[in-house]
Number of protein chains: 2
Amino acid sequence: MGKTKLADYLFTRIHEAGVEYSFGIPGDFVLPVYAAQERAGVKTVVMTHEPSVGYAADAYARLKGLGVALVTYGAGGLNMINPVALAYAEESPVLVVSGGPETRFRSGKPQLHHCVKSFQTQYNVFAEVTQAQTILSNPALAQQEMDRVIDGVLKLSRPGYIEIPRDMVNCEIDTAGRAPASVEGRTPALSEAVEEIAARLNEAERPVLFTGAQLRRFHLIDKVVALAEALNLPVVTSILGKTSFPETHANFLGTYFGQFADPNVRAYVEASDCVLCLGVVLTEMETGGYTARLEPDNLIQVTAQEVSVGHHCYAGLDISALVEALTERCTSKLTPAKRFSLPRLDREDLSAPAANKELTVLGMIEDINGMLSAEHMIVCDVGDCLYAGLSLRTNTFIAPGYYSSMGFGVPAGIGAQLADCSRRPIILVGDGGFQMTGMEISTAVKMGLNPIVIVFDNASYGMLRFVDQGRDYYKLARWDYAALAAAVGAQGAVAETRSDFQRALKEAASSKGVYLIDARIAEDDISPTLRRLTDHFGKKVKAAIA
Amino acid sequence: MGKTKLADYLFTRIHEAGVEYSFGIPGDFVLPVYAAQERAGVKTVVMTHEPSVGYAADAYARLKGLGVALVTYGAGGLNMINPVALAYAEESPVLVVSGGPETRFRSGKPQLHHCVKSFQTQYNVFAEVTQAQTILSNPALAQQEMDRVIDGVLKLSRPGYIEIPRDMVNCEIDTAGRAPASVEGRTPALSEAVEEIAARLNEAERPVLFTGAQLRRFHLIDKVVALAEALNLPVVTSILGKTSFPETHANFLGTYFGQFADPNVRAYVEASDCVLCLGVVLTEMETGGYTARLEPDNLIQVTAQEVSVGHHCYAGLDISALVEALTERCTSKLTPAKRFSLPRLDREDLSAPAANKELTVLGMIEDINGMLSAEHMIVCDVGDCLYAGLSLRTNTFIAPGYYSSMGFGVPAGIGAQLADCSRRPIILVGDGGFQMTGMEISTAVKMGLNPIVIVFDNASYGMLRFVDQGRDYYKLARWDYAALAAAVGAQGAVAETRSDFQRALKEAASSKGVYLIDARIAEDDISPTLRRLTDHFGKKVKAAIA
């Protein structure tokens, strides 16, 4: 039992979880929290707008295991609902810490600035997009409440919300040692599931491992690599799960998402007699708009929420315990497992015709793949930049591949590089996404970071134009992105042709700071993946609109 | 009884309310709604980011009586919670129309893109920041539900939310004629209140009329001008209520907000024996952080929520009916009322020393006041630009003067000019606010608008620095705002000195398009009003932080 200031306890826990940087924008209700954070040695990266705060914290969380957003009340917190909703949907462990009005004001009418209907409004809103939430109004419960929310964020890998009234920040609270987190036992249900999955694998002729984002969220990638190697299983990843298995690994086949994946990858997966999905939630995006042809008889699904084998389910199993037990089971020398052979797939041809002088998405994919090394990571916004990004060979890939919120790319690149300074981000962003949050490159300059930002500049919301041509409101104003970069202290180049792009990419590679390439592509040029998608869905959407 | 497509009914009602432009960003869930809107002849102004959509619709609503924001599900709607909260707090009639997933998907798991916890999530979030809300999932109730929400928005002047599942947009619905809106009767309670207020005025020696934002919201300005003229009452306005009484009117004294107003205005109001507040909600902001010294014995408060005279209240009175009846009572030739004499107040000296070469906020106030005419309106962001703006003499002033959300200024200027094309907006914005949403000037260029944007560029969150100096996180990256303007097709100039500023302002006045002035002011230079504020509150905040 000890005594400490409330905010000091909070930041000690945050620091213990490995967080060096939080993200935020200061405001009067949160100033005492900022001051407390400074004492604890956590540094706040001040972004330019709250949506960016959320995206940066999310990307940081995906790589570090916890990301912290530090915002003021109302105008701050409520301006970050969408990124937190994204983090909820995509299971990213973001902790939102918001300042708030003093407890002593809360019995009256909420006629303070930044207030809406009641002093409960912001809490209620966050309750819809977080898995745990609290307002720290009672010193006697403060530690318990902070622990509950933080432990929940870490355990479930989903966002939490802590609101600190201004007069509680420096309040002395009693603290007690925490009980160690309970270790999930290897229950009989777990053993039964492991044995059944192992038996299914043993009976299979042509199994495939299909890995998803939860493997990264629950730190299970190494385990799954060991599993794949032990059985020599071929591996595909989902969209959101891209790089949940290392793409430079010999067993990696490609990305699978129904009808829109590389056709050879799709054919292999859909002919498999045992698809073992680990950490993939089969959402609309992961299944390519439900076009995935995965025979339920042959399907095993292991997620943090549920485990199913064929047509039956196991409830209440822990994904980490299960993956660990299954890996042990399959790598054990005592129970030798069958080893499979890897298919030789002809990869989709992603080289652009050499004769083409104009800049195309295909040419960009080829050129970026040509420069990628282990020292890079890919961070994508939404749109064709995401579909193009799926064709890049990398071991670290961050994108809002399920919730699909535009504006994620640039701020996420900042969060990602601060979480892992050993890799230089290559940020792919459409012009629509850049116009939302792209000026955040200023924050990258301020922090001494050096992402390469590639703007897919086709002067339109390209995805929409491809499902439903010819509407005025799909057109985007053309910005001089290279000039914008220069105006905030970054380097910029315009690429009108393939050779411009190659030259710029080379210059970017040797540059020390933020480098933006304005990649001007034709309005009707898209990636091979988006071409497959729009061919399929365009008709449906048109019918719905008419 | 007729038949019509659901969305056609919606946009017919919107069009009837006088709306020519809506604001939005297209996305797949809302595409059919956009197409329906095109049929109805309402034009969507596509902004670059959803927070801007909300601010623009809010400003449009403040001038037109209804503003419409048209967004996609999740990534769109949830990215606009803060502006809608602002509209709720400041009583602006914004109607949010969101697309949504098909009703037929809503029985399953919400594993679609842009979805969070459940199909109810976005509705629940909006319920916290709107006064009426609906999901149109039942054709039989659709008209009734749309009418309920729209009538509520118009009547209460607060935001509403309508969500249209994609398969409902073009659904045929039965429509019936609407009952005419009930006219608020002149109830006995209303007559009693009017008589009591009139009697109080008659007994007073030194009354003052204190007008607020609700007069504009409920279209009562002309009535109140007639009232002031009949009795020759001196008039002050609140912060949020600035220009709720025309500032060029002879009876207008100035803006009152407790200790921080022009000292002469403050002294006059606080010595009054009858302060008649019409449409002012006495929030923290309107009372200068509760420093207003208004004797309850002498106070009459008429708001949309409540009427109080001295220490007693009248419940359930309609503000419009009351103001109309009071004006009739006092302007009637049958019951001649006392006429008061206007005080001669020495106005606060707002001229900057002529010897000063450097650019100061005081100098900018003087120069802008020197160029203002009836063909201008002032639109302010939050920060010292707002406090400086309070010193400008204008008849149209739009600012988030209560909720205080940064980023409002530039997009609101766009909404305001589209609502009233007879006035050219002068937008005052701090560098912090500009970094949030200022690139929206691109949308002004696209729409052929011509606001003058004045960036108060002190490379910091100035308000925060003045209450608590010397924190790193108050510093802002310096952007070359003039170069940014040029990069999106606007004109820009940098003003380092007073004469630079005067030259730029002159050039701006004769320019045809968007003109941005990067007004570089010293870090420690602030408006006289903010100086009074920080002198008063700085100590308190410092104590709270320590």
# chains A, B, ... in the order shown; residues from 1 in each chain; ligands from 1
>>> residues_around(residues="Gly100 (chain A)", least_positions_apart="2", cutoff="10 Å", atoms="only C-alpha atoms", output="ChimeraX atom specification")
/A:28-30,71-74,77,97-98,102-103,114-115,119,122,135-136,163-169
>>> interface_residues(of="chain A", to="chain B", cutoff="7 Å", atoms="only C-alpha atoms", output="NGL selection string")
:A and (28 or 31-32 or 35 or 46 or 48-49 or 75 or 78-79 or 81-82 or 85 or 88-89 or 111-116 or 121 or 125 or 128-129 or 283-285 or 402-405 or 435-436 or 446 or 464 or 473 or 477 or 479-480 or 483-484 or 487-488 or 544-545)
>>> closest_residue(among="B:Pro101, B:Pro93, B:Gly2, B:Gly41", to="Ile173 (chain B)", atoms="only C-alpha atoms")
B:Gly2
>>> closest_residue(among="A:Ala7, A:Val53, A:Ala140, A:Ala509", to="Phe408 (chain A)", atoms="only C-alpha atoms")
A:Val53
>>> select_by_dssp(residues="region 67-186 of chain B", states="strand (DSSP E)", output="PyMOL selection string")
chain B and resi 67-71+94-100+132-135+160-165+172-175
>>> write_last_selection(atoms="N, CA and C atoms", output="compact mmCIF listing (two decimals), in the first residue's frame")
# COMPACT_ATOMS: atom_id res chain seq x y z
N GLY B 67 -29.23 23.69 -42.05
CA GLY B 67 -28.03 23.27 -42.76
C GLY B 67 -28.03 21.76 -42.83
N VAL B 68 -27.55 21.20 -43.94
CA VAL B 68 -27.61 19.75 -44.12
C VAL B 68 -26.21 19.19 -44.35
N ALA B 69 -25.88 18.15 -43.59
CA ALA B 69 -24.62 17.43 -43.77
C ALA B 69 -24.94 16.03 -44.26
N LEU B 70 -24.29 15.64 -45.33
CA LEU B 70 -24.64 14.39 -46.02
C LEU B 70 -23.42 13.49 -46.03
N VAL B 71 -23.43 12.48 -45.18
CA VAL B 71 -22.20 11.71 -44.98
C VAL B 71 -22.43 10.22 -45.12
N VAL B 94 -28.76 21.94 -37.56
CA VAL B 94 -28.06 21.11 -38.54
C VAL B 94 -28.76 19.76 -38.64
N LEU B 95 -29.07 19.36 -39.85
CA LEU B 95 -29.65 18.04 -40.08
C LEU B 95 -28.57 17.14 -40.67
N VAL B 96 -28.27 16.05 -39.97
CA VAL B 96 -27.30 15.08 -40.47
C VAL B 96 -28.05 13.98 -41.20
N VAL B 97 -27.71 13.75 -42.45
CA VAL B 97 -28.28 12.64 -43.20
C VAL B 97 -27.13 11.67 -43.48
N SER B 98 -27.26 10.46 -42.97
CA SER B 98 -26.20 9.47 -43.16
C SER B 98 -26.73 8.29 -43.95
N GLY B 99 -25.93 7.81 -44.88
CA GLY B 99 -26.23 6.52 -45.49
C GLY B 99 -26.01 5.42 -44.45
N GLY B 100 -26.34 4.21 -44.81
CA GLY B 100 -26.13 3.11 -43.88
C GLY B 100 -26.28 1.77 -44.58
N ALA B 132 -33.09 14.93 -31.92
CA ALA B 132 -34.02 13.92 -32.45
C ALA B 132 -33.24 13.08 -33.44
N GLN B 133 -33.60 11.81 -33.56
CA GLN B 133 -32.82 10.91 -34.40
C GLN B 133 -33.68 9.74 -34.84
N THR B 134 -33.37 9.19 -36.00
CA THR B 134 -34.13 8.04 -36.48
C THR B 134 -33.30 7.23 -37.47
N ILE B 135 -33.61 5.93 -37.52
CA ILE B 135 -33.11 5.08 -38.61
C ILE B 135 -34.35 4.71 -39.43
N GLY B 160 -30.43 17.27 -35.74
CA GLY B 160 -31.14 16.01 -35.83
C GLY B 160 -30.37 15.04 -36.72
N TYR B 161 -30.73 13.77 -36.62
CA TYR B 161 -30.00 12.71 -37.32
C TYR B 161 -30.96 11.78 -38.03
N ILE B 162 -30.77 11.63 -39.33
CA ILE B 162 -31.57 10.67 -40.11
C ILE B 162 -30.63 9.69 -40.79
N GLU B 163 -30.79 8.41 -40.50
CA GLU B 163 -29.96 7.38 -41.12
C GLU B 163 -30.82 6.61 -42.12
N ILE B 164 -30.31 6.49 -43.34
CA ILE B 164 -31.09 5.80 -44.38
C ILE B 164 -30.35 4.56 -44.86
N PRO B 165 -30.83 3.39 -44.47
CA PRO B 165 -30.23 2.16 -44.98
C PRO B 165 -30.26 2.17 -46.52
N GLU B 172 -40.50 3.10 -52.24
CA GLU B 172 -41.72 3.92 -52.40
C GLU B 172 -42.43 4.00 -51.05
N ILE B 173 -42.78 5.19 -50.65
CA ILE B 173 -43.52 5.33 -49.40
C ILE B 173 -44.81 6.13 -49.65
N ASP B 174 -45.77 5.90 -48.77
CA ASP B 174 -47.00 6.70 -48.82
C ASP B 174 -46.73 8.02 -48.12
N THR B 175 -47.20 9.09 -48.73
CA THR B 175 -47.06 10.38 -48.05
C THR B 175 -48.42 11.03 -47.91
>>> residues_around(residues="Asn232 (chain B)", least_positions_apart="4", cutoff="8 Å", atoms="only C-alpha atoms", output="VMD selection string")
chain B and resid 228 251 339 to 342
>>> residues_around(residues="region 499-505 of chain A", least_positions_apart="2", cutoff="8 Å", atoms="only C-alpha atoms", output="JSON, numbers by chain")
{"A": [357, 359, 364, 367, 368, 493, 494, 495, 496, 497, 507, 508, 509, 517, 519]}
>>> write_last_selection(atoms="N, CA and C atoms", output="CSV table (one decimal), in the first residue's frame")
chain,number,residue,atom,x,y,z
A,357,LYS,N,5.4,4.8,-71.2
A,357,LYS,CA,6.1,5.9,-70.7
A,357,LYS,C,5.3,6.6,-69.5
A,359,LEU,N,2.9,7.1,-66.3
A,359,LEU,CA,2.9,6.6,-64.9
A,359,LEU,C,1.6,5.8,-64.7
A,364,MET,N,4.1,1.7,-60.6
A,364,MET,CA,4.5,2.1,-59.3
A,364,MET,C,4.7,0.9,-58.4
A,367,ASP,N,8.0,-0.6,-59.3
A,367,ASP,CA,9.2,0.2,-58.8
A,367,ASP,C,9.3,0.1,-57.3
A,368,ILE,N,8.2,0.2,-56.6
A,368,ILE,CA,8.3,0.2,-55.1
A,368,ILE,C,8.8,-1.2,-54.7
A,493,ALA,N,8.4,16.1,-54.8
A,493,ALA,CA,8.6,16.0,-56.3
A,493,ALA,C,7.3,15.6,-57.0
A,494,VAL,N,7.2,16.0,-58.2
A,494,VAL,CA,6.1,15.7,-59.0
A,494,VAL,C,6.5,14.6,-60.0
A,495,ALA,N,5.7,13.5,-60.1
A,495,ALA,CA,6.0,12.5,-61.1
A,495,ALA,C,4.9,12.4,-62.1
A,496,GLU,N,5.2,12.8,-63.4
A,496,GLU,CA,4.1,12.7,-64.4
A,496,GLU,C,4.3,11.5,-65.3
A,497,THR,N,5.6,11.0,-65.3
A,497,THR,CA,5.9,9.8,-66.1
A,497,THR,C,6.5,8.7,-65.2
A,507,GLU,N,15.7,9.4,-55.4
A,507,GLU,CA,16.0,10.5,-54.6
A,507,GLU,C,15.5,10.4,-53.2
A,508,ALA,N,14.2,9.9,-53.1
A,508,ALA,CA,13.6,9.7,-51.8
A,508,ALA,C,14.4,8.7,-51.0
A,509,ALA,N,14.9,7.6,-51.6
A,509,ALA,CA,15.6,6.6,-50.9
A,509,ALA,C,16.8,7.1,-50.3
A,517,ILE,N,6.1,12.2,-52.9
A,517,ILE,CA,6.0,12.1,-54.4
A,517,ILE,C,4.6,12.3,-54.8
A,519,ALA,N,2.4,11.5,-57.3
A,519,ALA,CA,2.3,10.6,-58.5
A,519,ALA,C,1.1,10.8,-59.3
>>> atom_distance(atom1="CA of Arg266 (chain A)", atom2="CA of Arg293 (chain A)")
9.0 Å
